[in-house]
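Participant: What follows is query-v9.cif, made up of mmCIF, C-alpha atoms:
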data_target
#
loop_
_atom_site.group_PDB
_atom_site.id
_atom_site.type_symbol
_atom_site.label_atom_id
_atom_site.label_comp_id
_atom_site.auth_asym_id
_atom_site.auth_seq_id
_atom_site.Cartn_x
_atom_site.Cartn_y
_atom_site.Cartn_z
ATOM 1 C CA MET N 1 -3.007 54.586 27.794
ATOM 2 C CA ILE N 2 -1.654 57.108 25.311
ATOM 3 C CA TYR N 3 1.095 59.461 26.493
ATOM 4 C CA VAL N 4 1.713 62.599 24.430
ATOM 5 C CA ASP N 5 4.853 64.707 24.709
ATOM 6 C CA ALA N 6 2.577 67.676 24.118
ATOM 7 C CA ASP N 7 4.665 70.863 24.206
ATOM 8 C CA ALA N 8 5.356 70.996 20.464
ATOM 9 C CA CYS N 9 3.067 68.208 19.278
ATOM 10 C CA PRO N 10 1.216 69.022 16.024
ATOM 11 C CA VAL N 11 -1.184 66.048 16.291
ATOM 12 C CA LYS N 12 -2.903 66.617 19.659
ATOM 13 C CA THR N 13 -6.312 67.030 17.999
ATOM 14 C CA GLU N 14 -5.887 63.805 16.030
ATOM 15 C CA VAL N 15 -4.876 61.897 19.171
ATOM 16 C CA GLU N 16 -7.923 63.194 21.024
ATOM 17 C CA LYS N 17 -10.308 62.195 18.217
ATOM 18 C CA VAL N 18 -8.948 58.657 17.949
ATOM 19 C CA ALA N 19 -8.787 58.196 21.731
ATOM 20 C CA THR N 20 -12.371 59.394 22.117
ATOM 21 C CA ARG N 21 -13.658 57.029 19.446
ATOM 22 C CA ARG N 22 -11.742 54.102 20.963
ATOM 23 C CA ARG N 23 -12.364 55.189 24.585
ATOM 24 C CA ILE N 24 -8.674 55.203 25.517
ATOM 25 C CA PRO N 25 -7.332 57.542 28.207
ATOM 26 C CA VAL N 26 -4.693 60.080 27.188
ATOM 27 C CA ARG N 27 -2.160 61.995 29.240
ATOM 28 C CA MET N 28 -0.950 65.159 27.528
ATOM 29 C CA VAL N 29 2.293 66.085 29.286
ATOM 30 C CA ALA N 30 3.626 69.644 29.002
ATOM 31 C CA ASN N 31 5.460 72.399 30.851
ATOM 32 C CA GLY N 32 2.318 74.526 30.600
ATOM 33 C CA GLY N 33 0.671 76.833 28.142
ATOM 34 C CA LEU N 34 -1.744 74.228 26.810
ATOM 35 C CA ARG N 35 -5.455 74.755 27.123
ATOM 36 C CA PRO N 36 -7.126 71.986 29.164
ATOM 37 C CA SER N 37 -9.470 69.689 27.289
ATOM 38 C CA GLN N 38 -13.090 69.274 28.348
ATOM 39 C CA ASN N 39 -12.887 65.649 27.247
ATOM 40 C CA PRO N 40 -12.930 63.361 30.323
ATOM 41 C CA LEU N 41 -10.527 60.944 28.622
ATOM 42 C CA ILE N 42 -7.860 63.640 28.254
ATOM 43 C CA GLU N 43 -5.774 64.383 31.328
ATOM 44 C CA MET N 44 -3.496 67.401 31.156
ATOM 45 C CA VAL N 45 -0.303 66.829 33.136
ATOM 46 C CA TYR N 46 1.697 69.988 33.787
ATOM 47 C CA VAL N 47 5.274 69.399 34.873
ATOM 48 C CA PRO N 48 7.748 71.998 36.160
ATOM 49 C CA GLU N 49 9.933 73.908 33.711
ATOM 50 C CA GLY N 50 13.303 72.357 33.117
ATOM 51 C CA PRO N 51 15.219 70.293 30.632
ATOM 52 C CA ASP N 52 13.567 66.957 29.896
ATOM 53 C CA VAL N 53 11.121 67.093 32.854
ATOM 54 C CA ALA N 54 8.156 66.104 30.675
ATOM 55 C CA ASP N 55 10.249 63.405 29.014
ATOM 56 C CA MET N 56 11.271 61.920 32.365
ATOM 57 C CA TRP N 57 7.648 61.963 33.565
ATOM 58 C CA ILE N 58 6.543 59.972 30.512
ATOM 59 C CA ALA N 59 9.530 57.611 30.572
ATOM 60 C CA ASP N 60 8.859 56.761 34.222
ATOM 61 C CA ARG N 61 5.289 55.648 33.410
ATOM 62 C CA ALA N 62 5.067 54.295 29.863
ATOM 63 C CA GLY N 63 5.369 50.581 29.308
ATOM 64 C CA ARG N 64 3.896 47.519 27.688
ATOM 65 C CA GLY N 65 0.385 48.177 26.357
ATOM 66 C CA ASP N 66 0.933 51.959 26.091
ATOM 67 C CA VAL N 67 1.439 54.205 23.069
ATOM 68 C CA VAL N 68 3.754 57.224 23.285
ATOM 69 C CA ILE N 69 3.631 60.126 20.815
ATOM 70 C CA THR N 70 6.880 62.103 20.709
ATOM 71 C CA GLY N 71 9.443 63.681 18.436
ATOM 72 C CA ASP N 72 12.097 63.379 21.147
ATOM 73 C CA ILE N 73 14.365 60.492 20.142
ATOM 74 C CA PRO N 74 16.036 59.849 23.551
ATOM 75 C CA LEU N 75 12.562 59.706 25.158
ATOM 76 C CA ALA N 76 11.412 57.365 22.399
ATOM 77 C CA ALA N 77 14.384 55.072 23.069
ATOM 78 C CA LYS N 78 13.514 54.834 26.785
ATOM 79 C CA CYS N 79 9.872 54.089 26.017
ATOM 80 C CA VAL N 80 10.722 51.457 23.397
ATOM 81 C CA GLU N 81 13.036 49.829 25.945
ATOM 82 C CA ALA N 82 10.155 49.787 28.460
ATOM 83 C CA GLY N 83 7.940 47.976 25.934
ATOM 84 C CA ALA N 84 5.715 50.872 24.810
ATOM 85 C CA ARG N 85 4.723 51.474 21.204
ATOM 86 C CA VAL N 86 6.204 54.803 20.034
ATOM 87 C CA LEU N 87 5.179 57.050 17.153
ATOM 88 C CA LYS N 88 6.713 60.218 15.815
ATOM 89 C CA HIS N 89 4.325 62.988 14.727
ATOM 90 C CA ASN N 90 4.635 61.943 11.095
ATOM 91 C CA GLY N 91 3.480 58.399 11.898
ATOM 92 C CA GLU N 92 6.923 56.795 11.847
ATOM 93 C CA ALA N 93 7.006 53.930 14.340
ATOM 94 C CA LEU N 94 10.107 53.730 16.514
ATOM 95 C CA THR N 95 10.880 50.144 17.459
ATOM 96 C CA GLN N 96 13.624 47.923 18.848
ATOM 97 C CA ALA N 97 14.633 47.294 15.228
ATOM 98 C CA ASN N 98 15.194 50.940 14.248
ATOM 99 C CA ILE N 99 15.727 53.029 17.391
ATOM 100 C CA GLY N 100 19.515 52.538 17.382
ATOM 101 C CA ASN N 101 19.829 53.894 13.840
ATOM 102 C CA VAL N 102 17.453 56.775 14.597
ATOM 103 C CA LEU N 103 19.510 57.731 17.679
ATOM 104 C CA ALA N 104 22.750 57.574 15.681
ATOM 105 C CA THR N 105 21.279 59.745 12.907
ATOM 106 C CA ARG N 106 20.036 62.271 15.465
ATOM 107 C CA ASP N 107 23.499 62.512 17.012
ATOM 108 C CA LEU N 108 25.155 62.860 13.596
ATOM 109 C CA MET N 109 22.787 65.661 12.579
ATOM 110 C CA ALA N 110 23.405 67.469 15.877
ATOM 111 C CA ASP N 111 27.148 67.298 15.197
ATOM 112 C CA LEU N 112 26.683 68.632 11.650
ATOM 113 C CA ARG N 113 24.551 71.539 12.894
ATOM 114 C CA ALA N 114 27.144 72.357 15.554
ATOM 115 C CA ALA N 115 29.905 72.371 12.914
ATOM 116 C CA ASP N 116 28.029 74.886 10.732
ATOM 117 C CA PRO N 117 26.253 77.419 12.967
ATOM 118 C CA PHE N 118 25.227 79.523 9.957
ATOM 119 C CA ARG N 119 23.271 76.737 8.293
ATOM 120 C CA GLN N 120 19.729 77.885 7.625
ATOM 121 C CA GLY N 121 16.562 75.948 7.103
ATOM 122 C CA GLY N 122 15.125 72.856 8.613
ATOM 123 C CA GLY N 123 12.471 70.309 7.928
ATOM 124 C CA LYS N 124 9.519 70.650 5.630
ATOM 125 C CA ALA N 125 6.173 71.958 6.824
ATOM 126 C CA PHE N 126 3.825 69.511 8.542
ATOM 127 C CA GLY N 127 1.004 68.858 6.100
ATOM 128 C CA LYS N 128 -2.197 66.979 5.424
ATOM 129 C CA ALA N 129 -0.374 63.850 4.216
ATOM 130 C CA ASP N 130 1.642 63.786 7.464
ATOM 131 C CA ARG N 131 -1.574 63.930 9.512
ATOM 132 C CA SER N 132 -3.131 61.150 7.462
ATOM 133 C CA ARG N 133 -0.018 58.971 7.869
ATOM 134 C CA PHE N 134 -0.038 59.664 11.596
ATOM 135 C CA LEU N 135 -3.721 58.691 11.985
ATOM 136 C CA ASP N 136 -3.164 55.400 10.156
ATOM 137 C CA ALA N 137 -0.070 54.633 12.239
ATOM 138 C CA LEU N 138 -1.877 55.526 15.479
ATOM 139 C CA GLU N 139 -4.694 53.091 14.700
ATOM 140 C CA ARG N 140 -2.157 50.317 14.024
ATOM 141 C CA ALA N 141 -0.138 51.140 17.162
ATOM 142 C CA LEU N 142 -3.226 51.148 19.383
ATOM 143 C CA THR N 143 -4.367 47.792 18.028
ATOM 144 C CA ALA N 144 -0.899 46.329 18.632
ATOM 145 C CA ALA N 145 -0.702 47.909 22.108
ATOM 146 C CA GLU N 146 -4.038 46.327 23.018
ATOM 147 C CA ARG N 147 -2.566 42.929 22.101
ATOM 148 C CA ASP N 148 0.602 43.753 24.084
ATOM 149 C CA GLY N 149 -1.409 44.680 27.166
ATOM 150 C CA ALA N 150 -3.590 41.562 26.949
ATOM 151 C CA GLN N 151 -0.625 39.193 27.068
#
For the file at hand, write its structure as structure tokens.

Facilitator:
Amino acid sequence: MIYVDADACPVKTEVEKVATRRRIPVRMVANGGLRPSQNPLIEMVYVPEGPDVADMWIADRAGRGDVVITGDIPLAAKCVEAGARVLKHNGEALTQANIGNVLATRDLMADLRAADPFRQGGGKAFGKADRSRFLDALERALTAAERDGAQ
């Protein structure tokens, strides 16, 4: 199963294409506002509005043999702990080996932003190279998750 934290996910189309080709079910989890897919492998899960409701829904279900797509680092940490394979939108794999550092960096950056409320700017635009990296990483994660689930 692939779980997608779908509210602000820029790679929903890519996930659907890969899942369709590999015949893997997907649950796109969102607070609403997403158009339902006609694809029978894609299940839209609409959760109530509220902080982290979609994250909690995914964290309660994802585990060994699953792949989770999210940019939310605390959600990623819970899913990694549960044994799921986790990818960020840019294809970066979050694992037991790196999730601690990623969480620490996230917290540090939040503190820096809070200290300078006038700071402008943000990350770079999501481009073609990011999509390509994501697709490659998704293929690898799905292959590894299949092995995980078979054990």

Participant: Since I can't run it myself right now, could you work out what the PyMOL selection byres ((chain N and resi 46) around 8) selects here and report it as a PyMOL selection string?

Facilitator: chain N and resi 29-32+44-45+47-48

Participant: Compile the contact shell of Ala125 (chain N) as an MDAnalysis selection string: residues with an atom at most 12 Å away, counting all atoms listed in the file, same-chain residues fewer than 5 positions apart removed.

Facilitator: chainID N and resid 10 90 130:131

Participant: What residues come out when you apply the PyMOL selection byres ((chain N and resi 64) around 8) to this file, written as a list in words?

Facilitator: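 Applying the expression gives Ala62, Gly63, Gly65, Asp66, Ala82, Gly83, Ala84, Arg85, Ala145, Asp148 and Gly149 of chain N.
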
Participant: Counting all atoms listed in the file, which of N:Val4, N:Ala77, N:Leu87, N:Val11 gets nearest to Val26 (chain N)?

Facilitator: N:Val4

Participant: Name the closest residue to Pro25 (chain N) among the candidates N:Val67, N:Asp7, N:Val53, N:Ala59; distances are taken between atoms, counting all atoms listed in the file.

Facilitator: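 Closest candidate: N:Val67.
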
Participant: Please work out which residues fall within 10 Å of (9.8, 58.9, 24.0), coordinates as given in the file, with only C-alpha atoms counting, and return them as a PyMOL selection string.

Facilitator: chain N and resi 3-5+54-56+58-59+62+67-81+84-88+94

Participant: Quote the spacing between CA of Val18 (chain N) and CA of Asp136 (chain N) in Å to one decimal place.

Facilitator: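 So the answer is 10.2 Å.
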
Participant: Once the PyMOL selection byres ((chain N and resi 21-23) around 12) is applied to the coordinates I shared, what remains selected? I want it as number ranges by chain.

Facilitator: N: 1-2, 14-20, 24-26, 39-42, 138-139, 142-143, 146

Participant: Measure the distance from CA of Gly50 (chain N) to CA of Pro36 (chain N) in Å and round it to one decimal.

Facilitator: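 So the answer is 20.8 Å.
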
Participant: Regenerate region 66-77 of chain N at the level of all heavy atoms and dump it as an mmCIF file, in the coordinates of the input.

Facilitator:
data_model
loop_
_atom_site.group_PDB
_atom_site.id
_atom_site.type_symbol
_atom_site.label_atom_id
_atom_site.label_comp_id
_atom_site.auth_asym_id
_atom_site.auth_seq_id
_atom_site.Cartn_x
_atom_site.Cartn_y
_atom_site.Cartn_z
ATOM 1 N N ASP N 66 1.104 50.509 26.262
ATOM 2 C CA ASP N 66 0.933 51.959 26.091
ATOM 3 C C ASP N 66 1.441 52.394 24.721
ATOM 4 O O ASP N 66 2.270 51.728 24.103
ATOM 5 C CB ASP N 66 1.719 52.740 27.157
ATOM 6 C CG ASP N 66 1.204 52.505 28.561
ATOM 7 O OD1 ASP N 66 -0.027 52.354 28.731
ATOM 8 O OD2 ASP N 66 2.027 52.465 29.494
ATOM 9 N N VAL N 67 0.945 53.560 24.288
ATOM 10 C CA VAL N 67 1.439 54.205 23.069
ATOM 11 C C VAL N 67 1.949 55.583 23.467
ATOM 12 O O VAL N 67 1.281 56.308 24.211
ATOM 13 C CB VAL N 67 0.332 54.329 21.999
ATOM 14 C CG1 VAL N 67 0.819 55.148 20.805
ATOM 15 C CG2 VAL N 67 -0.127 52.947 21.542
ATOM 16 N N VAL N 68 3.144 55.931 22.996
ATOM 17 C CA VAL N 68 3.754 57.224 23.285
ATOM 18 C C VAL N 68 3.913 57.980 21.972
ATOM 19 O O VAL N 68 4.399 57.430 20.980
ATOM 20 C CB VAL N 68 5.130 57.054 23.970
ATOM 21 C CG1 VAL N 68 5.818 58.400 24.167
ATOM 22 C CG2 VAL N 68 4.983 56.316 25.294
ATOM 23 N N ILE N 69 3.489 59.250 21.976
ATOM 24 C CA ILE N 69 3.631 60.126 20.815
ATOM 25 C C ILE N 69 4.689 61.169 21.162
ATOM 26 O O ILE N 69 4.503 61.963 22.089
ATOM 27 C CB ILE N 69 2.307 60.849 20.481
ATOM 28 C CG1 ILE N 69 1.108 59.906 20.469
ATOM 29 C CG2 ILE N 69 2.447 61.647 19.190
ATOM 30 C CD1 ILE N 69 1.192 58.761 19.507
ATOM 31 N N THR N 70 5.805 61.159 20.425
ATOM 32 C CA THR N 70 6.880 62.103 20.709
ATOM 33 C C THR N 70 7.777 62.280 19.488
ATOM 34 O O THR N 70 7.898 61.382 18.658
ATOM 35 C CB THR N 70 7.733 61.644 21.912
ATOM 36 O OG1 THR N 70 8.684 62.674 22.231
ATOM 37 C CG2 THR N 70 8.468 60.345 21.644
ATOM 38 N N GLY N 71 8.401 63.427 19.420
ATOM 39 C CA GLY N 71 9.443 63.681 18.436
ATOM 40 C C GLY N 71 10.812 63.645 19.076
ATOM 41 O O GLY N 71 11.827 63.825 18.414
ATOM 42 N N ASP N 72 10.849 63.399 20.390
ATOM 43 C CA ASP N 72 12.097 63.379 21.147
ATOM 44 C C ASP N 72 12.692 61.968 21.089
ATOM 45 O O ASP N 72 12.142 61.027 21.678
ATOM 46 C CB ASP N 72 11.813 63.795 22.595
ATOM 47 C CG ASP N 72 13.077 63.901 23.409
ATOM 48 O OD1 ASP N 72 13.580 62.846 23.848
ATOM 49 O OD2 ASP N 72 13.565 65.027 23.615
ATOM 50 N N ILE N 73 13.798 61.817 20.398
ATOM 51 C CA ILE N 73 14.365 60.492 20.142
ATOM 52 C C ILE N 73 14.894 59.818 21.418
ATOM 53 O O ILE N 73 14.644 58.632 21.623
ATOM 54 C CB ILE N 73 15.445 60.567 19.036
ATOM 55 C CG1 ILE N 73 14.854 61.179 17.758
ATOM 56 C CG2 ILE N 73 16.014 59.184 18.751
ATOM 57 C CD1 ILE N 73 13.582 60.546 17.244
ATOM 58 N N PRO N 74 15.611 60.524 22.314
ATOM 59 C CA PRO N 74 16.036 59.849 23.551
ATOM 60 C C PRO N 74 14.840 59.361 24.393
ATOM 61 O O PRO N 74 14.881 58.267 24.958
ATOM 62 C CB PRO N 74 16.844 60.916 24.285
ATOM 63 C CG PRO N 74 17.380 61.790 23.194
ATOM 64 C CD PRO N 74 16.264 61.833 22.169
ATOM 65 N N LEU N 75 13.768 60.156 24.457
ATOM 66 C CA LEU N 75 12.562 59.706 25.158
ATOM 67 C C LEU N 75 12.001 58.473 24.466
ATOM 68 O O LEU N 75 11.621 57.494 25.126
ATOM 69 C CB LEU N 75 11.508 60.816 25.204
ATOM 70 C CG LEU N 75 10.115 60.377 25.666
ATOM 71 C CD1 LEU N 75 10.152 59.795 27.070
ATOM 72 C CD2 LEU N 75 9.136 61.538 25.566
ATOM 73 N N ALA N 76 11.931 58.509 23.154
ATOM 74 C CA ALA N 76 11.412 57.365 22.399
ATOM 75 C C ALA N 76 12.207 56.107 22.714
ATOM 76 O O ALA N 76 11.634 55.037 22.922
ATOM 77 C CB ALA N 76 11.450 57.664 20.904
ATOM 78 N N ALA N 77 13.538 56.232 22.781
ATOM 79 C CA ALA N 77 14.384 55.072 23.069
ATOM 80 C C ALA N 77 14.057 54.477 24.441
ATOM 81 O O ALA N 77 13.970 53.250 24.591
ATOM 82 C CB ALA N 77 15.862 55.462 22.998
#
